[in-house]
$ cat run_10.tsv   # TSV, C-alpha atoms
chain	number	residue	atom	x	y	z
Q	111	MET	CA	9.89	-4.77	13.70
Q	112	THR	CA	12.33	-4.78	10.77
Q	113	ASN	CA	10.14	-2.36	8.81
Q	114	PHE	CA	10.07	0.16	11.68
Q	115	ILE	CA	13.85	0.00	12.02
Q	116	LEU	CA	14.14	0.52	8.26
Q	117	ILE	CA	11.80	3.54	8.38
Q	118	SER	CA	13.78	5.10	11.23
Q	119	ILE	CA	17.15	4.50	9.58
Q	120	CYS	CA	16.03	5.98	6.24
Q	121	ILE	CA	14.51	9.16	7.70
Q	122	LEU	CA	17.30	9.73	10.23
Q	123	SER	CA	19.90	9.16	7.50
Q	124	GLY	CA	18.24	11.84	5.39
Q	125	LEU	CA	18.24	14.27	8.32
Q	126	LEU	CA	21.87	13.48	9.14
Q	127	PHE	CA	23.10	13.85	5.55
Q	128	ARG	CA	21.32	17.21	5.20
Q	129	ASN	CA	22.61	18.62	8.49
Q	130	LEU	CA	26.17	17.46	7.81
Q	131	GLY	CA	26.11	18.97	4.33
Q	132	LYS	CA	27.25	15.70	2.75
Q	133	LEU	CA	24.96	16.10	-0.25
Q	134	PRO	CA	24.50	19.00	-2.70
Q	135	LYS	CA	21.55	21.34	-2.24
Q	136	ASP	CA	18.23	19.95	-3.53
Q	137	SER	CA	19.64	16.41	-3.74
Q	138	HIS	CA	16.18	15.15	-2.86
Q	139	LYS	CA	14.99	16.20	-6.33
Q	140	SER	CA	17.23	13.57	-7.95
Q	141	ILE	CA	15.91	10.92	-5.57
Q	142	ASN	CA	12.33	12.01	-6.22
Q	143	ALA	CA	12.97	11.72	-9.96
Q	144	TRP	CA	13.89	8.05	-9.54
Q	145	ILE	CA	10.80	7.46	-7.40
Q	146	LEU	CA	8.41	9.25	-9.78
Q	147	TYR	CA	9.81	7.98	-13.08
Q	148	VAL	CA	10.92	4.45	-12.16
Q	149	ALA	CA	9.90	3.12	-8.75
Q	150	LEU	CA	6.25	4.23	-8.55
Q	151	PRO	CA	5.48	3.08	-12.12
Q	152	ALA	CA	6.97	-0.31	-11.15
Q	153	VAL	CA	4.64	-0.40	-8.13
Q	154	SER	CA	1.65	0.10	-10.44
Q	155	PHE	CA	2.76	-2.72	-12.76
Q	156	LYS	CA	3.46	-5.00	-9.81
Q	157	TYR	CA	0.18	-4.58	-7.93
Q	158	LEU	CA	-2.61	-3.20	-10.15
Q	159	PRO	CA	-2.92	-6.23	-12.48
Q	160	THR	CA	-3.64	-8.37	-9.41
Q	161	ILE	CA	-6.64	-6.29	-8.29
Q	162	LYS	CA	-10.04	-7.94	-8.48
Q	163	TRP	CA	-12.32	-5.00	-9.20
Q	164	SER	CA	-15.61	-4.79	-7.33
Q	165	TYR	CA	-18.00	-2.22	-5.90
Q	166	GLU	CA	-16.06	-2.44	-2.61
Q	167	LEU	CA	-13.21	-0.53	-4.26
Q	168	LEU	CA	-15.44	2.53	-4.49
Q	169	LEU	CA	-14.29	3.40	-0.96
Q	170	PRO	CA	-10.56	3.73	-1.76
Q	171	LEU	CA	-11.54	5.58	-4.96
Q	172	LEU	CA	-13.72	8.07	-3.08
Q	173	SER	CA	-11.94	8.38	0.28
Q	174	PRO	CA	-9.33	11.00	-0.83
Q	175	ILE	CA	-12.15	13.08	-2.34
Q	176	ILE	CA	-14.15	12.89	0.90
Q	177	ILE	CA	-11.14	14.01	2.96
Q	178	PHE	CA	-10.47	16.93	0.60
Q	179	ILE	CA	-14.12	18.11	0.66
Q	180	PHE	CA	-14.23	18.07	4.46
Q	181	ALA	CA	-10.87	19.87	4.57
Q	182	LYS	CA	-12.38	22.74	2.57
Q	183	ILE	CA	-15.37	22.84	4.94
Q	184	PHE	CA	-13.23	22.88	8.11
Q	185	VAL	CA	-10.81	25.46	6.71
Q	186	SER	CA	-13.74	27.71	5.71
Q	187	LEU	CA	-15.07	27.54	9.27
Q	188	PHE	CA	-11.58	28.24	10.64
Q	189	LYS	CA	-11.27	31.27	8.33
Q	190	LYS	CA	-14.52	32.78	9.63
Q	191	ILE	CA	-13.25	32.57	13.21
Q	192	HIS	CA	-9.61	33.59	12.75
Q	193	LYS	CA	-9.84	35.87	9.67
Q	194	ILE	CA	-6.96	34.35	7.70
Q	195	ASP	CA	-6.08	35.60	4.21
Q	196	ASN	CA	-6.80	33.74	0.97
Q	197	ILE	CA	-3.25	32.45	0.54
Q	198	THR	CA	-3.20	30.96	4.05
Q	199	GLU	CA	-6.61	29.44	3.38
Q	200	SER	CA	-5.32	27.74	0.21
Q	201	ILE	CA	-2.23	26.43	2.02
Q	202	LEU	CA	-4.40	24.94	4.77
Q	203	ILE	CA	-6.75	23.33	2.24
Q	204	LEU	CA	-3.83	21.66	0.47
Q	205	THR	CA	-2.03	20.54	3.62
Q	206	CYS	CA	-5.21	19.28	5.31
Q	207	GLY	CA	-6.89	17.80	2.25
Q	208	LEU	CA	-4.07	15.83	0.60
Q	209	SER	CA	-2.34	12.87	2.23
Q	210	ASN	CA	1.15	11.49	1.74
Q	211	THR	CA	-0.27	8.23	0.43
Q	212	SER	CA	2.89	6.95	-1.29
Q	213	PHE	CA	6.18	8.24	0.18
Q	214	ILE	CA	4.97	7.59	3.74
Q	215	GLY	CA	1.78	5.66	3.07
Q	216	PHE	CA	3.28	2.74	1.14
Q	217	PRO	CA	5.99	1.85	3.70
Q	218	LEU	CA	3.53	2.12	6.60
Q	219	VAL	CA	0.83	0.09	4.82
Q	220	MET	CA	3.41	-2.65	4.21
Q	221	SER	CA	4.47	-2.49	7.86
Q	222	TYR	CA	0.99	-2.64	9.40
Q	223	PHE	CA	-1.07	-4.51	6.81
Q	224	GLY	CA	1.39	-6.46	4.67
Q	225	GLU	CA	2.85	-5.89	1.22
Q	226	GLU	CA	0.13	-8.01	-0.39
Q	227	ASN	CA	-2.42	-5.27	0.31
Q	228	LEU	CA	-0.44	-2.45	-1.24
Q	229	ASN	CA	-2.61	-2.54	-4.40
Q	230	ILE	CA	-5.41	-0.80	-2.48
Q	231	ALA	CA	-3.01	1.96	-1.40
Q	232	VAL	CA	-1.91	2.39	-5.03
Q	233	ILE	CA	-5.50	3.20	-6.04
Q	234	ILE	CA	-5.80	5.79	-3.24
Q	235	ASP	CA	-2.47	7.34	-4.21
Q	236	GLN	CA	-3.53	7.84	-7.84
Q	237	ILE	CA	-6.75	9.58	-6.81
Q	238	THR	CA	-4.72	11.79	-4.46
Q	239	PHE	CA	-2.49	12.86	-7.32
Q	240	ILE	CA	-5.49	13.59	-9.54
Q	241	LEU	CA	-6.85	15.83	-6.78
Q	242	LEU	CA	-3.52	17.64	-6.46
Q	243	SER	CA	-3.32	18.21	-10.22
Q	244	SER	CA	-6.92	19.41	-10.56
Q	245	VAL	CA	-8.72	20.95	-7.57
Q	246	GLY	CA	-5.43	21.43	-5.71
Q	247	LEU	CA	-4.03	23.48	-8.57
Q	248	ILE	CA	-7.30	25.41	-8.92
Q	249	THR	CA	-7.20	26.20	-5.19
Q	250	ILE	CA	-3.77	27.80	-5.63
Q	251	LEU	CA	-4.67	29.66	-8.82
Q	252	LYS	CA	-7.69	31.25	-7.11
Q	253	THR	CA	-5.35	33.09	-4.75
Q	254	ASN	CA	-3.82	34.98	-7.68
Q	255	GLU	CA	-6.26	36.92	-9.82
Q	256	LYS	CA	-3.63	37.28	-12.55
Q	257	GLU	CA	-3.47	33.51	-13.03
Q	258	ARG	CA	-6.07	32.18	-15.42
Q	259	ILE	CA	-7.51	28.75	-14.67
Q	260	ASP	CA	-6.79	26.80	-17.85
Q	261	PRO	CA	-8.53	23.37	-17.97
Q	262	LYS	CA	-6.29	22.29	-20.86
Q	263	LYS	CA	-3.15	23.05	-18.86
Q	264	ILE	CA	-4.47	21.13	-15.86
Q	265	PHE	CA	-5.41	18.14	-18.03
Q	266	LEU	CA	-1.99	18.08	-19.72
Q	267	ARG	CA	-0.30	18.28	-16.33
Q	268	LEU	CA	-2.26	15.23	-15.25
Q	269	ILE	CA	-1.69	13.00	-18.29
Q	270	LYS	CA	2.05	13.78	-18.40
Q	271	PHE	CA	2.65	12.60	-14.83
Q	272	PRO	CA	4.64	9.30	-15.04
Q	273	PRO	CA	2.89	7.44	-12.18
Q	274	PHE	CA	-0.49	8.30	-13.71
Q	275	ILE	CA	0.62	7.07	-17.15
Q	276	SER	CA	1.86	3.83	-15.60
Q	277	PHE	CA	-1.39	3.54	-13.62
Q	278	ILE	CA	-3.40	3.58	-16.88
Q	279	LEU	CA	-0.98	1.23	-18.67
Q	280	ALA	CA	-0.93	-1.23	-15.75
Q	281	LEU	CA	-4.72	-1.43	-15.93
Q	282	THR	CA	-4.93	-1.87	-19.71
Q	283	LEU	CA	-1.82	-3.71	-20.96
Q	284	PRO	CA	-2.58	-7.01	-19.17
Q	285	PHE	CA	-5.57	-7.40	-21.53
Q	286	PHE	CA	-3.16	-7.50	-24.49
Q	287	LEU	CA	0.21	-8.62	-23.11
Q	288	ASP	CA	1.50	-11.14	-20.60
Q	289	LEU	CA	3.46	-9.07	-18.09
Q	290	SER	CA	4.33	-12.02	-15.85
Q	291	TYR	CA	7.75	-12.29	-17.56
Q	292	PHE	CA	8.66	-8.96	-15.98
Q	293	LYS	CA	7.43	-9.78	-12.48
Q	294	SER	CA	10.93	-10.15	-11.01
Q	295	LEU	CA	11.98	-6.82	-12.53
Q	296	PHE	CA	8.91	-5.01	-11.16
Q	297	ASP	CA	9.52	-6.58	-7.74
Q	298	LYS	CA	13.08	-5.27	-7.53
Q	299	LEU	CA	12.27	-1.77	-8.81
Q	300	ALA	CA	9.18	-1.43	-6.59
Q	301	SER	CA	11.20	-2.43	-3.52
Q	302	THR	CA	13.17	0.83	-3.81
Q	303	VAL	CA	10.12	3.02	-3.15
Q	304	GLY	CA	10.10	2.72	0.63
Q	305	PRO	CA	13.80	3.35	1.45
Q	306	MET	CA	14.31	6.00	-1.25
Q	307	ALA	CA	11.09	7.87	-0.40
Q	308	LEU	CA	11.80	7.92	3.32
Q	309	PHE	CA	15.40	9.04	2.77
Q	310	SER	CA	14.05	11.86	0.56
Q	311	VAL	CA	11.61	12.83	3.32
Q	312	GLY	CA	14.47	13.02	5.81
Q	313	LEU	CA	16.40	15.33	3.48
Q	314	GLN	CA	13.45	17.72	3.34
Q	315	LEU	CA	12.22	17.85	6.94
Q	316	GLN	CA	12.32	21.34	8.46
Q	317	PHE	CA	11.09	22.68	11.80
Q	318	TYR	CA	12.15	26.35	11.89
Q	319	GLU	CA	10.11	29.13	13.57
Q	320	TRP	CA	7.25	26.80	14.41
Q	321	LYS	CA	6.13	28.80	17.46
Q	322	LYS	CA	5.08	31.72	15.24
Q	323	GLU	CA	2.65	29.46	13.38
Q	324	ILE	CA	1.43	27.37	16.31
Q	325	LYS	CA	-2.27	28.19	15.76
Q	326	LEU	CA	-2.29	27.28	12.05
Q	327	LEU	CA	0.05	24.36	12.62
Q	328	SER	CA	-2.15	22.90	15.39
Q	329	PHE	CA	-5.29	23.21	13.29
Q	330	ALA	CA	-3.70	21.46	10.30
Q	331	LEU	CA	-2.22	18.64	12.38
Q	332	ILE	CA	-5.43	17.96	14.31
Q	333	TYR	CA	-7.50	17.78	11.13
Q	334	LYS	CA	-4.97	15.80	9.08
Q	335	LEU	CA	-3.97	13.22	11.66
Q	336	ILE	CA	-7.15	12.86	13.77
Q	337	ILE	CA	-10.30	14.40	12.30
Q	338	ALA	CA	-9.84	13.26	8.68
Q	339	PRO	CA	-9.49	9.52	9.43
Q	340	PHE	CA	-12.23	9.80	12.08
Q	341	ILE	CA	-14.64	11.21	9.48
Q	342	LEU	CA	-13.90	8.30	7.17
Q	343	LEU	CA	-14.27	5.81	10.06
Q	344	ILE	CA	-17.74	7.21	10.84
Q	345	ILE	CA	-18.75	6.81	7.18
Q	346	VAL	CA	-17.42	3.24	7.09
Q	347	LEU	CA	-19.29	2.33	10.29
Q	348	PHE	CA	-22.48	3.95	8.97
Q	349	LEU	CA	-22.23	1.84	5.79
Q	350	ASN	CA	-21.37	-1.23	7.89
Q	351	LEU	CA	-18.23	-1.98	5.87
Q	352	LYS	CA	-15.69	-4.49	7.13
Q	353	GLY	CA	-12.38	-5.96	6.03
Q	354	ILE	CA	-9.03	-4.94	4.63
Q	355	ILE	CA	-10.33	-2.44	2.03
Q	356	PRO	CA	-11.97	-0.03	4.53
Q	357	GLN	CA	-9.07	-0.58	6.95
Q	358	ILE	CA	-6.46	0.60	4.45
Q	359	SER	CA	-8.72	3.40	3.17
Q	360	ILE	CA	-8.94	4.84	6.70
Q	361	PHE	CA	-5.27	4.18	7.39
Q	362	GLU	CA	-4.20	6.12	4.28
Q	363	ALA	CA	-6.49	8.97	5.39
Q	364	CYS	CA	-4.42	9.41	8.55
Q	365	MET	CA	-1.18	9.83	6.64
Q	366	PRO	CA	0.74	13.14	6.99
Q	367	THR	CA	0.55	16.00	4.49
Q	368	LEU	CA	1.50	15.38	0.87
Q	369	ILE	CA	5.05	16.66	0.21
Q	370	SER	CA	4.11	17.66	-3.35
Q	371	SER	CA	1.86	20.37	-1.87
Q	372	SER	CA	5.01	22.36	-1.15
Q	373	ILE	CA	6.29	21.82	-4.69
Q	374	ILE	CA	3.15	23.20	-6.32
Q	375	LEU	CA	3.14	26.23	-3.97
Q	376	ASP	CA	6.75	26.98	-4.80
Q	377	GLU	CA	6.01	26.69	-8.52
Q	378	TYR	CA	3.50	29.53	-8.22
Q	379	LYS	CA	5.80	31.72	-6.09
Q	380	ILE	CA	3.85	31.25	-2.85
Q	381	ASP	CA	5.78	31.17	0.44
Q	382	THR	CA	6.19	27.53	1.46
Q	383	LYS	CA	7.32	28.08	5.08
Q	384	LEU	CA	3.95	27.24	6.64
Q	385	CYS	CA	3.43	24.31	4.28
Q	386	ASN	CA	6.88	22.86	5.04
Q	387	LEU	CA	6.27	23.23	8.77
Q	388	ILE	CA	3.01	21.29	8.52
Q	389	ILE	CA	4.66	18.65	6.34
Q	390	GLY	CA	7.59	18.19	8.73
Q	391	PHE	CA	5.59	18.02	11.95
Q	392	SER	CA	2.84	15.88	10.42
Q	393	ILE	CA	5.37	13.28	9.26
Q	394	ILE	CA	7.06	12.98	12.65
Q	395	ILE	CA	3.83	12.93	14.67
Q	396	SER	CA	2.16	10.54	12.22
Q	397	PHE	CA	4.53	7.75	13.22
Q	398	ILE	CA	2.83	7.86	16.62
Q	399	THR	CA	-0.76	8.49	15.49
Q	400	THR	CA	-0.69	5.84	12.74
Q	401	PHE	CA	0.36	3.24	15.32
Q	402	PHE	CA	-2.75	3.94	17.41
Q	403	TRP	CA	-4.95	4.25	14.34
Q	404	SER	CA	-3.78	0.84	13.09
Q	405	ILE	CA	-4.79	-0.74	16.41
Q	406	ALA	CA	-8.16	1.04	16.43
Q	407	ILE	CA	-8.93	0.19	12.80
Q	408	LYS	CA	-8.12	-3.50	13.18
Q	409	SER	CA	-10.10	-3.83	16.41
Q	410	ILE	CA	-13.18	-2.01	15.09
Q	411	LEU	CA	-13.24	-3.31	11.52
$ encode --input "run_10.tsv" --output "structure tokens"
Amino acid sequence: MTNFILISICILSGLLFRNLGKLPKDSHKSINAWILYVALPAVSFKYLPTIKWSYELLLPLLSPIIIFIFAKIFVSLFKKIHKIDNITESILILTCGLSNTSFIGFPLVMSYFGEENLNIAVIIDQITFILLSSVGLITILKTNEKERIDPKKIFLRLIKFPPFISFILALTLPFFLDLSYFKSLFDKLASTVGPMALFSVGLQLQFYEWKKEIKLLSFALIYKLIIAPFILLIIVLFLNLKGIIPQISIFEACMPTLISSSIILDEYKIDTKLCNLIIGFSIIISFITTFFWSIAIKSIL
């Protein structure tokens, strides 16, 4: 119960501070910098060295890829019926195919499945970022014929991302160094992810002119919050997988849209109104849908 109160306080505080104008414009960027450069790397160093690698971890490694592939398929079908333009298609692919596996995912995983299982969510989050920095970026570049798809640029973007660097170091350094001396430090830094991330989300939530985009908004929300996790559940049942690993893999699949999708669109001068609408509504509605998904997942698996 404490975790749910914490989540509510953090998001509502962000909304309140933004609406009251108590913080400078784009204050969330400073908070995100702390999360990206300090807190998330600490999460990697806290949890990844404790992972016992096995073939079962193929599911959390592959689940974000599966969701993204099916998002492209569903959006392509939607485009044939509703005749949307290429830019709208790319926005829907990003918002449907990429989940908010850390800012929202980590606090909710801790709430429903316990902090001790966060290492599985960390793996999923890293694959999600790799998708955003590779096929996500390519999806956006394809909407602009003037932009050349540069594999070198995409690769450099990936390896310069602090959480990805820490992900690699957290997997390799324990073979050479004893990191247990820093456990208390990693614990304290990692504990800031949930409150800071949720407060940042609250600062960014927007719900303007949603009626104009109701068709696109409905499609994105239905796929992201219902169809995507259902697809993964069907695959898990078909493979007869049980236990905490498939549970968290499916649970992370029903997370709302990745906030960074809006950042990458803005970087390439693409209107982010639709993306921000989907992000905002998906976050709010996900607090209801994830509750029911957690019950379903635990009862079935």
$ residues_around --input "run_10.tsv" --residues "Q:Phe216" --least-positions-apart "6" --cutoff "8 Å" --atoms "all atoms listed in the file" --output "PyMOL selection string"
chain Q and resi 228+231+304
$ closest_residue --input "run_10.tsv" --among "Q:Ser359, Q:Ser137, Q:Ser328, Q:Ser118" --to "Q:Phe340" --atoms "all atoms listed in the file"
Q:Ser359
$ atom_distance --input "run_10.tsv" --atom1 "atom CA of Q:Ile230" --atom2 "atom CA of Q:Thr160"
10.4 Å
$ closest_residue --input "run_10.tsv" --among "Q:Leu327, Q:Ile234, Q:Leu126, Q:Leu315" --to "Q:Ile360" --atoms "all atoms listed in the file"
Q:Ile234
$ closest_residue --input "run_10.tsv" --among "Q:Ala338, Q:Ala363, Q:Val153, Q:Val303" --to "Q:Pro170" --atoms "all atoms listed in the file"
Q:Ala363
$ residues_around --input "run_10.tsv" --residues "Q:Ser392" --least-positions-apart "2" --cutoff "8 Å" --atoms "all atoms listed in the file" --output "PyMOL selection string"
chain Q and resi 331+334-335+366-367+388-390+394-396
$ residues_near_point --input "run_10.tsv" --point "(-2.9, 9.1, -11.6)" --cutoff "7 Å" --atoms "only C-alpha atoms" --output "list in words"
Gln236, Ile237, Phe239, Ile240, Pro273, Phe274, Ile275 and Phe277 of chain Q
$ closest_residue --input "run_10.tsv" --among "Q:Leu187, Q:Leu150, Q:Leu347, Q:Leu242" --to "Q:Ser371" --atoms "only C-alpha atoms"
Q:Leu242
$ residues_around --input "run_10.tsv" --residues "Q:Pro339" --least-positions-apart "6" --cutoff "12 Å" --atoms "only C-alpha atoms" --output "JSON, numbers by chain"
{"Q": [173, 174, 176, 177, 178, 180, 181, 206, 207, 209, 332, 333, 345, 346, 356, 357, 358, 359, 360, 361, 362, 363, 364, 365, 366, 399, 400, 402, 403, 404, 406, 407]}
$ write_last_selection --input "run_10.tsv" --atoms "C-alpha atoms" --output "PDB file, in the coordinates of the input"
ATOM      1  CA  SER Q 173     -11.940   8.380   0.280  1.00  0.00           C
ATOM      2  CA  PRO Q 174      -9.330  11.000  -0.830  1.00  0.00           C
ATOM      3  CA  ILE Q 176     -14.150  12.890   0.900  1.00  0.00           C
ATOM      4  CA  ILE Q 177     -11.140  14.010   2.960  1.00  0.00           C
ATOM      5  CA  PHE Q 178     -10.470  16.930   0.600  1.00  0.00           C
ATOM      6  CA  PHE Q 180     -14.230  18.070   4.460  1.00  0.00           C
ATOM      7  CA  ALA Q 181     -10.870  19.870   4.570  1.00  0.00           C
ATOM      8  CA  CYS Q 206      -5.210  19.280   5.310  1.00  0.00           C
ATOM      9  CA  GLY Q 207      -6.890  17.800   2.250  1.00  0.00           C
ATOM     10  CA  SER Q 209      -2.340  12.870   2.230  1.00  0.00           C
ATOM     11  CA  ILE Q 332      -5.430  17.960  14.310  1.00  0.00           C
ATOM     12  CA  TYR Q 333      -7.500  17.780  11.130  1.00  0.00           C
ATOM     13  CA  ILE Q 345     -18.750   6.810   7.180  1.00  0.00           C
ATOM     14  CA  VAL Q 346     -17.420   3.240   7.090  1.00  0.00           C
ATOM     15  CA  PRO Q 356     -11.970  -0.030   4.530  1.00  0.00           C
ATOM     16  CA  GLN Q 357      -9.070  -0.580   6.950  1.00  0.00           C
ATOM     17  CA  ILE Q 358      -6.460   0.600   4.450  1.00  0.00           C
ATOM     18  CA  SER Q 359      -8.720   3.400   3.170  1.00  0.00           C
ATOM     19  CA  ILE Q 360      -8.940   4.840   6.700  1.00  0.00           C
ATOM     20  CA  PHE Q 361      -5.270   4.180   7.390  1.00  0.00           C
ATOM     21  CA  GLU Q 362      -4.200   6.120   4.280  1.00  0.00           C
ATOM     22  CA  ALA Q 363      -6.490   8.970   5.390  1.00  0.00           C
ATOM     23  CA  CYS Q 364      -4.420   9.410   8.550  1.00  0.00           C
ATOM     24  CA  MET Q 365      -1.180   9.830   6.640  1.00  0.00           C
ATOM     25  CA  PRO Q 366       0.740  13.140   6.990  1.00  0.00           C
ATOM     26  CA  THR Q 399      -0.760   8.490  15.490  1.00  0.00           C
ATOM     27  CA  THR Q 400      -0.690   5.840  12.740  1.00  0.00           C
ATOM     28  CA  PHE Q 402      -2.750   3.940  17.410  1.00  0.00           C
ATOM     29  CA  TRP Q 403      -4.950   4.250  14.340  1.00  0.00           C
ATOM     30  CA  SER Q 404      -3.780   0.840  13.090  1.00  0.00           C
ATOM     31  CA  ALA Q 406      -8.160   1.040  16.430  1.00  0.00           C
ATOM     32  CA  ILE Q 407      -8.930   0.190  12.800  1.00  0.00           C
TER      33      ILE Q 407
END
$ closest_residue --input "run_10.tsv" --among "Q:Ile410, Q:Ile214, Q:Ile191, Q:Leu158" --to "Q:Asn350" --atoms "only C-alpha atoms"
Q:Ile410
$ atom_distance --input "run_10.tsv" --atom1 "atom CA of Q:Lys139" --atom2 "atom CA of Q:Ile369"
11.9 Å
$ decode --input "run_10.tsv" --residues "stretch 166-188 of chain Q" --atoms "N, CA and C atoms" --output "mmCIF file, in the first residue's frame"
data_model
loop_
_atom_site.group_PDB
_atom_site.id
_atom_site.type_symbol
_atom_site.label_atom_id
_atom_site.label_comp_id
_atom_site.auth_asym_id
_atom_site.auth_seq_id
_atom_site.Cartn_x
_atom_site.Cartn_y
_atom_site.Cartn_z
ATOM 1 N N GLU Q 166 16.332 -19.217 -19.620
ATOM 2 C CA GLU Q 166 15.030 -18.627 -19.274
ATOM 3 C C GLU Q 166 15.028 -17.109 -19.467
ATOM 4 N N LEU Q 167 16.207 -16.493 -19.398
ATOM 5 C CA LEU Q 167 16.290 -15.041 -19.550
ATOM 6 C C LEU Q 167 16.190 -14.606 -21.006
ATOM 7 N N LEU Q 168 16.066 -15.562 -21.911
ATOM 8 C CA LEU Q 168 15.830 -15.209 -23.311
ATOM 9 C C LEU Q 168 14.495 -14.471 -23.469
ATOM 10 N N LEU Q 169 13.529 -14.800 -22.633
ATOM 11 C CA LEU Q 169 12.218 -14.144 -22.736
ATOM 12 C C LEU Q 169 12.304 -12.651 -22.440
ATOM 13 N N PRO Q 170 12.878 -12.220 -21.290
ATOM 14 C CA PRO Q 170 12.994 -10.775 -21.081
ATOM 15 C C PRO Q 170 13.901 -10.093 -22.109
ATOM 16 N N LEU Q 171 14.858 -10.825 -22.677
ATOM 17 C CA LEU Q 171 15.710 -10.255 -23.708
ATOM 18 C C LEU Q 171 14.950 -10.038 -25.014
ATOM 19 N N LEU Q 172 14.026 -10.949 -25.315
ATOM 20 C CA LEU Q 172 13.314 -10.911 -26.597
ATOM 21 C C LEU Q 172 11.959 -10.217 -26.531
ATOM 22 N N SER Q 173 11.369 -10.128 -25.346
ATOM 23 C CA SER Q 173 10.000 -9.606 -25.242
ATOM 24 C C SER Q 173 9.843 -8.179 -25.784
ATOM 25 N N PRO Q 174 10.756 -7.230 -25.527
ATOM 26 C CA PRO Q 174 10.572 -5.896 -26.125
ATOM 27 C C PRO Q 174 10.625 -5.922 -27.656
ATOM 28 N N ILE Q 175 11.451 -6.817 -28.203
ATOM 29 C CA ILE Q 175 11.563 -6.947 -29.654
ATOM 30 C C ILE Q 175 10.259 -7.482 -30.238
ATOM 31 N N ILE Q 176 9.677 -8.467 -29.571
ATOM 32 C CA ILE Q 176 8.407 -9.050 -30.015
ATOM 33 C C ILE Q 176 7.307 -7.988 -30.040
ATOM 34 N N ILE Q 177 7.223 -7.195 -28.966
ATOM 35 C CA ILE Q 177 6.203 -6.149 -28.873
ATOM 36 C C ILE Q 177 6.385 -5.118 -29.976
ATOM 37 N N PHE Q 178 7.638 -4.755 -30.274
ATOM 38 C CA PHE Q 178 7.912 -3.757 -31.308
ATOM 39 C C PHE Q 178 7.531 -4.286 -32.698
ATOM 40 N N ILE Q 179 7.862 -5.548 -32.978
ATOM 41 C CA ILE Q 179 7.542 -6.150 -34.279
ATOM 42 C C ILE Q 179 6.033 -6.188 -34.501
ATOM 43 N N PHE Q 180 5.292 -6.615 -33.490
ATOM 44 C CA PHE Q 180 3.832 -6.663 -33.613
ATOM 45 C C PHE Q 180 3.230 -5.262 -33.708
ATOM 46 N N ALA Q 181 3.876 -4.279 -33.068
ATOM 47 C CA ALA Q 181 3.399 -2.894 -33.188
ATOM 48 C C ALA Q 181 3.484 -2.435 -34.640
ATOM 49 N N LYS Q 182 4.580 -2.760 -35.313
ATOM 50 C CA LYS Q 182 4.729 -2.386 -36.719
ATOM 51 C C LYS Q 182 3.662 -3.063 -37.578
ATOM 52 N N ILE Q 183 3.361 -4.317 -37.271
ATOM 53 C CA ILE Q 183 2.340 -5.059 -38.021
ATOM 54 C C ILE Q 183 0.962 -4.428 -37.826
ATOM 55 N N PHE Q 184 0.595 -4.152 -36.581
ATOM 56 C CA PHE Q 184 -0.727 -3.586 -36.283
ATOM 57 C C PHE Q 184 -0.870 -2.183 -36.852
ATOM 58 N N VAL Q 185 0.198 -1.381 -36.759
ATOM 59 C CA VAL Q 185 0.135 -0.019 -37.299
ATOM 60 C C VAL Q 185 0.015 -0.050 -38.823
ATOM 61 N N SER Q 186 0.696 -0.989 -39.471
ATOM 62 C CA SER Q 186 0.595 -1.132 -40.932
ATOM 63 C C SER Q 186 -0.827 -1.464 -41.347
ATOM 64 N N LEU Q 187 -1.473 -2.350 -40.602
ATOM 65 C CA LEU Q 187 -2.871 -2.699 -40.876
ATOM 66 C C LEU Q 187 -3.785 -1.495 -40.643
ATOM 67 N N PHE Q 188 -3.521 -0.749 -39.577
ATOM 68 C CA PHE Q 188 -4.305 0.447 -39.263
ATOM 69 C C PHE Q 188 -4.159 1.495 -40.365
#
